[in-house]
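What follows is a set of notes on a single structure, which appears directly below.
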Amino acid sequence: ACFVGQKLSPLHKVNDAMKQVSHGDFSVRVDETDGVGEVRDLVASYNHMVEELSGIEMFRTDFINNFSHEFKTPIVSIRGFARQLERDDLSEAERREYARIIAVEAERLAHMSANVLLLTKLENQQIVTDKTRYRLDEQLRNCILLLEKQWEDKNLELRLELDELTYEGNEEMMSHVWVNLLNNAIKFSPEGGVIEVGCMRVQSFIVAHVTDHGKGMDDVTRTRIFEKFYQGDNAHATEGNGLGLALVKRIVDLCGGKITVTSAPNEGACFSVYLPLNEA
């Protein structure tokens with residue numbers, strides 16, 4: 001009976017720990033050296049489960065905090081300038097400028113909301129649906145034309161090396177990839193700079209790249225750039241909400257591909273997308 005009691009003791013500890021976990025405490029661990037055989041395996045599995053739950057909870061908390069912060073900033077700005085518009089002593093130029101800022105911040109909120117909804121949808125999606133065969137090089141050209149005003153406003157030169165390539169995928173999803181990468185390149189390029197866009201076939205992959213010669217990023221930013229709401233120091237001073245590259249990575253992952261970035265401070269950045277070809 002004593003031996004049985006010794007064997008059951010770790011199970012009692014796991015049971016007590018599970019009760020604490022059910023109340024939201026993910027810090028409870030059970031000593032794995034207490035058990036033997038399958039009981040020890042059970043304790044190890046419990047500890048691994050709580051470790052994963054703790055990571056998910058931390059990620060959820062960070063997401064909520066970042067999301068709240070990113071939403072609060074434009075809302076405070078809209079409220080402040082709306083109150084300024086109530087003043088009777090404003091000039092017409094000031095009134096137009098405050099109205100313009102409110103419109104810009106409202107558009108930022110709408111864009112952020114759309115990105116959050118799309119990212120949530122993609123994170124709950126496991127396969128790519130509505131696939132068609134289309135010219136990927138033409139899609140890249142169309143996305144460049146879509147952003148023509150942005151790169152013309154900065155007097156940027158676009159250098160294209162686009163091989164004729166047919167790809168089978170969800171055209172709408174992939175357009176989010178190219179628009180986000182191009183937007184980033186435009187945003188961080190200096191006035192009068194150069195952006196290089198290319199696509200080619202390399203063995204059984206399509207490889208597309210978007211390269212700018214702007215501010216670049218340090219190693220910390222480069223390793224975290226695809227996280228939701230993460231923005232390196234260079235990004236805080238410019239428009240953005242840290243969701244674009246998280247969207248890009250999720251879409252590329254769903255397509256069975258991968259995305260890489262090479263960059264260094266003041267040396268620009270090159271984002272490379274690898275998409276497997278399905279030629280069946």
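Following the order of the structure tokens, first chain is A, next is B, and so on, with residues numbered from 1 inside each chain and ligands from 1 in the order they appear.
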
message: I need the strand (DSSP E) residues of segment 71-160 of chain A per DSSP on the backbone, written as a ChimeraX atom specification.
response: /A:132-135,157-160

Okay, now the selection with N, CA and C atoms, as a CSV table (one decimal), in the first residue's frame?
```
chain,number,residue,atom,x,y,z
A,132,THR,N,-6.3,29.6,-58.9
A,132,THR,CA,-6.3,29.7,-60.4
A,132,THR,C,-4.9,29.8,-60.9
A,133,ARG,N,-4.7,29.5,-62.2
A,133,ARG,CA,-3.4,29.7,-62.8
A,133,ARG,C,-3.3,31.1,-63.4
A,134,TYR,N,-2.3,31.8,-63.1
A,134,TYR,CA,-2.2,33.2,-63.6
A,134,TYR,C,-0.7,33.6,-63.8
A,135,ARG,N,-0.5,34.6,-64.5
A,135,ARG,CA,0.8,35.2,-64.7
A,135,ARG,C,1.3,36.0,-63.5
A,157,GLU,N,12.9,55.3,-58.5
A,157,GLU,CA,13.1,54.6,-59.8
A,157,GLU,C,12.8,53.1,-59.5
A,158,LEU,N,11.9,52.5,-60.3
A,158,LEU,CA,11.6,51.0,-60.2
A,158,LEU,C,12.4,50.3,-61.3
A,159,ARG,N,13.3,49.4,-60.8
A,159,ARG,CA,14.0,48.5,-61.8
A,159,ARG,C,13.4,47.1,-61.7
A,160,LEU,N,12.9,46.6,-62.8
A,160,LEU,CA,12.2,45.4,-62.9
A,160,LEU,C,13.0,44.3,-63.7
```

field: All residues 10 Å or closer to segment 48-54 of chain A, only C-alpha atoms, same chain fewer than 5 positions away omitted, as a PyMOL selection string
entry: chain A and resi 17-18+21+24-29+42-43+59-60

Create the file for the chosen residues now, containing all heavy atoms and written as a CSV table (one decimal), in the first residue's frame.
```csv
chain,number,residue,atom,x,y,z
A,17,ALA,N,-2.2,20.6,-9.5
A,17,ALA,CA,-1.7,21.6,-10.4
A,17,ALA,C,-2.7,22.0,-11.4
A,17,ALA,O,-2.9,23.1,-11.8
A,17,ALA,CB,-0.4,21.1,-11.0
A,18,MET,N,-3.4,20.9,-11.9
A,18,MET,CA,-4.4,21.2,-13.0
A,18,MET,C,-5.5,22.1,-12.5
A,18,MET,O,-6.1,22.9,-13.2
A,18,MET,CB,-5.0,19.8,-13.4
A,18,MET,CG,-4.1,19.0,-14.3
A,18,MET,SD,-3.7,19.7,-15.9
A,18,MET,CE,-5.3,19.4,-16.7
A,21,VAL,N,-4.2,25.5,-12.8
A,21,VAL,CA,-4.2,25.9,-14.3
A,21,VAL,C,-5.6,26.3,-14.7
A,21,VAL,O,-5.8,27.2,-15.5
A,21,VAL,CB,-3.7,24.7,-15.1
A,21,VAL,CG1,-3.9,25.0,-16.6
A,21,VAL,CG2,-2.2,24.5,-14.8
A,24,GLY,N,-6.3,29.8,-14.4
A,24,GLY,CA,-5.5,30.7,-15.1
A,24,GLY,C,-4.1,30.9,-14.6
A,24,GLY,O,-3.3,31.7,-15.1
A,25,ASP,N,-3.6,30.0,-13.7
A,25,ASP,CA,-2.2,30.1,-13.2
A,25,ASP,C,-1.4,29.0,-14.0
A,25,ASP,O,-1.5,27.8,-13.8
A,25,ASP,CB,-2.2,29.7,-11.7
A,25,ASP,CG,-0.8,29.8,-11.2
A,25,ASP,OD1,0.2,30.1,-12.0
A,25,ASP,OD2,-0.6,29.6,-10.0
A,26,PHE,N,-0.6,29.5,-15.0
A,26,PHE,CA,0.2,28.6,-15.8
A,26,PHE,C,1.6,28.5,-15.3
A,26,PHE,O,2.5,28.0,-16.1
A,26,PHE,CB,0.2,29.2,-17.3
A,26,PHE,CG,-1.2,29.3,-17.9
A,26,PHE,CD1,-1.7,30.5,-18.2
A,26,PHE,CD2,-2.0,28.1,-18.1
A,26,PHE,CE1,-3.0,30.6,-18.7
A,26,PHE,CE2,-3.2,28.3,-18.6
A,26,PHE,CZ,-3.8,29.5,-18.9
A,27,SER,N,1.9,28.9,-14.1
A,27,SER,CA,3.3,28.9,-13.6
A,27,SER,C,3.6,27.6,-12.8
A,27,SER,O,4.7,27.3,-12.4
A,27,SER,CB,3.5,30.1,-12.7
A,27,SER,OG,2.7,30.0,-11.5
A,28,VAL,N,2.5,26.8,-12.6
A,28,VAL,CA,2.7,25.6,-11.7
A,28,VAL,C,3.4,24.5,-12.5
A,28,VAL,O,3.0,24.1,-13.6
A,28,VAL,CB,1.3,25.1,-11.2
A,28,VAL,CG1,1.5,24.0,-10.2
A,28,VAL,CG2,0.5,26.2,-10.6
A,29,ARG,N,4.5,24.0,-11.9
A,29,ARG,CA,5.2,22.8,-12.5
A,29,ARG,C,5.2,21.7,-11.4
A,29,ARG,O,5.2,21.9,-10.2
A,29,ARG,CB,6.6,23.2,-12.9
A,29,ARG,CG,6.7,24.4,-13.8
A,29,ARG,CD,6.2,24.0,-15.2
A,29,ARG,NE,6.4,25.1,-16.2
A,29,ARG,CZ,5.6,26.1,-16.4
A,29,ARG,NH1,4.5,26.2,-15.7
A,29,ARG,NH2,5.9,27.0,-17.3
A,42,LEU,N,3.8,11.1,-17.8
A,42,LEU,CA,2.6,11.9,-17.7
A,42,LEU,C,2.9,13.3,-17.1
A,42,LEU,O,2.5,14.3,-17.5
A,42,LEU,CB,1.6,11.2,-16.8
A,42,LEU,CG,0.3,12.0,-16.4
A,42,LEU,CD1,-0.5,12.3,-17.7
A,42,LEU,CD2,-0.6,11.3,-15.4
A,43,VAL,N,3.8,13.3,-16.0
A,43,VAL,CA,4.2,14.5,-15.4
A,43,VAL,C,5.0,15.4,-16.4
A,43,VAL,O,4.8,16.6,-16.5
A,43,VAL,CB,5.1,14.2,-14.2
A,43,VAL,CG1,5.7,15.5,-13.6
A,43,VAL,CG2,4.3,13.5,-13.1
A,59,PHE,N,1.7,35.5,-25.3
A,59,PHE,CA,1.5,36.0,-26.7
A,59,PHE,C,0.1,36.7,-26.8
A,59,PHE,O,0.0,37.8,-27.3
A,59,PHE,CB,1.6,34.9,-27.7
A,59,PHE,CG,1.4,35.4,-29.1
A,59,PHE,CD1,2.5,35.9,-29.8
A,59,PHE,CD2,0.2,35.3,-29.7
A,59,PHE,CE1,2.3,36.4,-31.1
A,59,PHE,CE2,0.0,35.7,-31.0
A,59,PHE,CZ,1.1,36.3,-31.7
A,60,ARG,N,-0.9,36.2,-26.2
A,60,ARG,CA,-2.2,36.8,-26.2
A,60,ARG,C,-2.2,38.1,-25.5
A,60,ARG,O,-2.8,39.1,-26.0
A,60,ARG,CB,-3.3,35.8,-25.6
A,60,ARG,CG,-4.7,36.3,-25.7
A,60,ARG,CD,-5.6,35.3,-24.9
A,60,ARG,NE,-5.5,35.5,-23.5
A,60,ARG,CZ,-6.1,36.4,-22.8
A,60,ARG,NH1,-6.9,37.3,-23.3
A,60,ARG,NH2,-5.9,36.5,-21.5
```

task: For each of A:Val197, A:Thr262, A:Asn184, A:Ala103, take the minimum atom-to-atom distance to Gly244 of chain A, counting only C-alpha atoms, then give the residue where this is smallest.
output: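 Counting only C-alpha atoms, the residue closest to Gly244 of chain A is A:Asn184.
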
- prompt: Of the residues A:Val210, A:Val261, A:Leu118, A:Val202, which is the one nearest to Arg224 of chain A, using only C-alpha atoms?
  reply: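 Smallest separation from Arg224 of chain A among the options: A:Val261.
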
- prompt: Using only C-alpha atoms, which of A:Val252, A:Leu162, A:Ala114, A:Leu90 sits nearest Gly198 of chain A?
  reply: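 Looking at the shortest contact to Gly198 of chain A, the residue is A:Leu162.
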
Using only C-alpha atoms, determine which residues lie at most 12 Å from Glu267 of chain A, disregarding the query and same-chain residues fewer than 6 positions distant; provide the list as a PDB file with N, CA, C and O atoms, in the first residue's frame.
```pdb
ATOM      1  N   PHE A 188      10.405  53.067 -46.837  1.00  0.00           N
ATOM      2  CA  PHE A 188      11.750  53.199 -46.265  1.00  0.00           C
ATOM      3  C   PHE A 188      12.812  53.620 -47.275  1.00  0.00           C
ATOM      4  O   PHE A 188      13.986  53.710 -46.937  1.00  0.00           O
ATOM      5  N   SER A 189      12.400  53.868 -48.522  1.00  0.00           N
ATOM      6  CA  SER A 189      13.363  54.337 -49.532  1.00  0.00           C
ATOM      7  C   SER A 189      13.578  55.842 -49.387  1.00  0.00           C
ATOM      8  O   SER A 189      12.640  56.585 -49.100  1.00  0.00           O
ATOM      9  N   PRO A 190      14.801  56.311 -49.617  1.00  0.00           N
ATOM     10  CA  PRO A 190      15.043  57.759 -49.591  1.00  0.00           C
ATOM     11  C   PRO A 190      14.470  58.420 -50.837  1.00  0.00           C
ATOM     12  O   PRO A 190      14.241  57.765 -51.858  1.00  0.00           O
ATOM     13  N   THR A 211      13.596  44.752 -53.253  1.00  0.00           N
ATOM     14  CA  THR A 211      14.785  45.298 -52.597  1.00  0.00           C
ATOM     15  C   THR A 211      14.735  46.818 -52.579  1.00  0.00           C
ATOM     16  O   THR A 211      14.468  47.444 -53.606  1.00  0.00           O
ATOM     17  N   ASP A 212      14.978  47.390 -51.409  1.00  0.00           N
ATOM     18  CA  ASP A 212      15.109  48.847 -51.321  1.00  0.00           C
ATOM     19  C   ASP A 212      16.523  49.182 -50.845  1.00  0.00           C
ATOM     20  O   ASP A 212      17.262  48.310 -50.394  1.00  0.00           O
ATOM     21  N   HIS A 213      16.877  50.441 -50.950  1.00  0.00           N
ATOM     22  CA  HIS A 213      18.202  50.896 -50.529  1.00  0.00           C
ATOM     23  C   HIS A 213      18.056  51.995 -49.486  1.00  0.00           C
ATOM     24  O   HIS A 213      18.747  53.018 -49.525  1.00  0.00           O
ATOM     25  N   GLY A 214      17.147  51.745 -48.545  1.00  0.00           N
ATOM     26  CA  GLY A 214      16.818  52.750 -47.543  1.00  0.00           C
ATOM     27  C   GLY A 214      17.493  52.535 -46.206  1.00  0.00           C
ATOM     28  O   GLY A 214      18.670  52.180 -46.120  1.00  0.00           O
ATOM     29  N   LYS A 215      16.698  52.689 -45.135  1.00  0.00           N
ATOM     30  CA  LYS A 215      17.240  52.720 -43.781  1.00  0.00           C
ATOM     31  C   LYS A 215      17.772  51.376 -43.304  1.00  0.00           C
ATOM     32  O   LYS A 215      18.642  51.314 -42.444  1.00  0.00           O
ATOM     33  N   GLY A 216      17.237  50.299 -43.838  1.00  0.00           N
ATOM     34  CA  GLY A 216      17.651  48.983 -43.374  1.00  0.00           C
ATOM     35  C   GLY A 216      17.197  48.730 -41.949  1.00  0.00           C
ATOM     36  O   GLY A 216      16.397  49.478 -41.382  1.00  0.00           O
ATOM     37  N   MET A 217      17.713  47.671 -41.342  1.00  0.00           N
ATOM     38  CA  MET A 217      17.313  47.316 -39.974  1.00  0.00           C
ATOM     39  C   MET A 217      18.434  46.580 -39.268  1.00  0.00           C
ATOM     40  O   MET A 217      19.284  45.949 -39.917  1.00  0.00           O
ATOM     41  N   ASP A 218      18.433  46.626 -37.943  1.00  0.00           N
ATOM     42  CA  ASP A 218      19.443  45.908 -37.178  1.00  0.00           C
ATOM     43  C   ASP A 218      19.021  44.445 -37.012  1.00  0.00           C
ATOM     44  O   ASP A 218      17.931  44.047 -37.424  1.00  0.00           O
TER      45      ASP A 218
END
```

message: What does the structure give for the distance between atom CA of Arg87 of chain A and atom CA of Ile75 of chain A, in Å to one decimal?
response: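 Distance between the two atoms: 19.5 Å.
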
message: Measuring between only C-alpha atoms, which one of A:Val30, A:Leu156, A:Ala82, A:Met200 shows the shortest distance to Arg95 of chain A?
response: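 Residue with the minimum atom-to-atom distance to Arg95 of chain A: A:Ala82.
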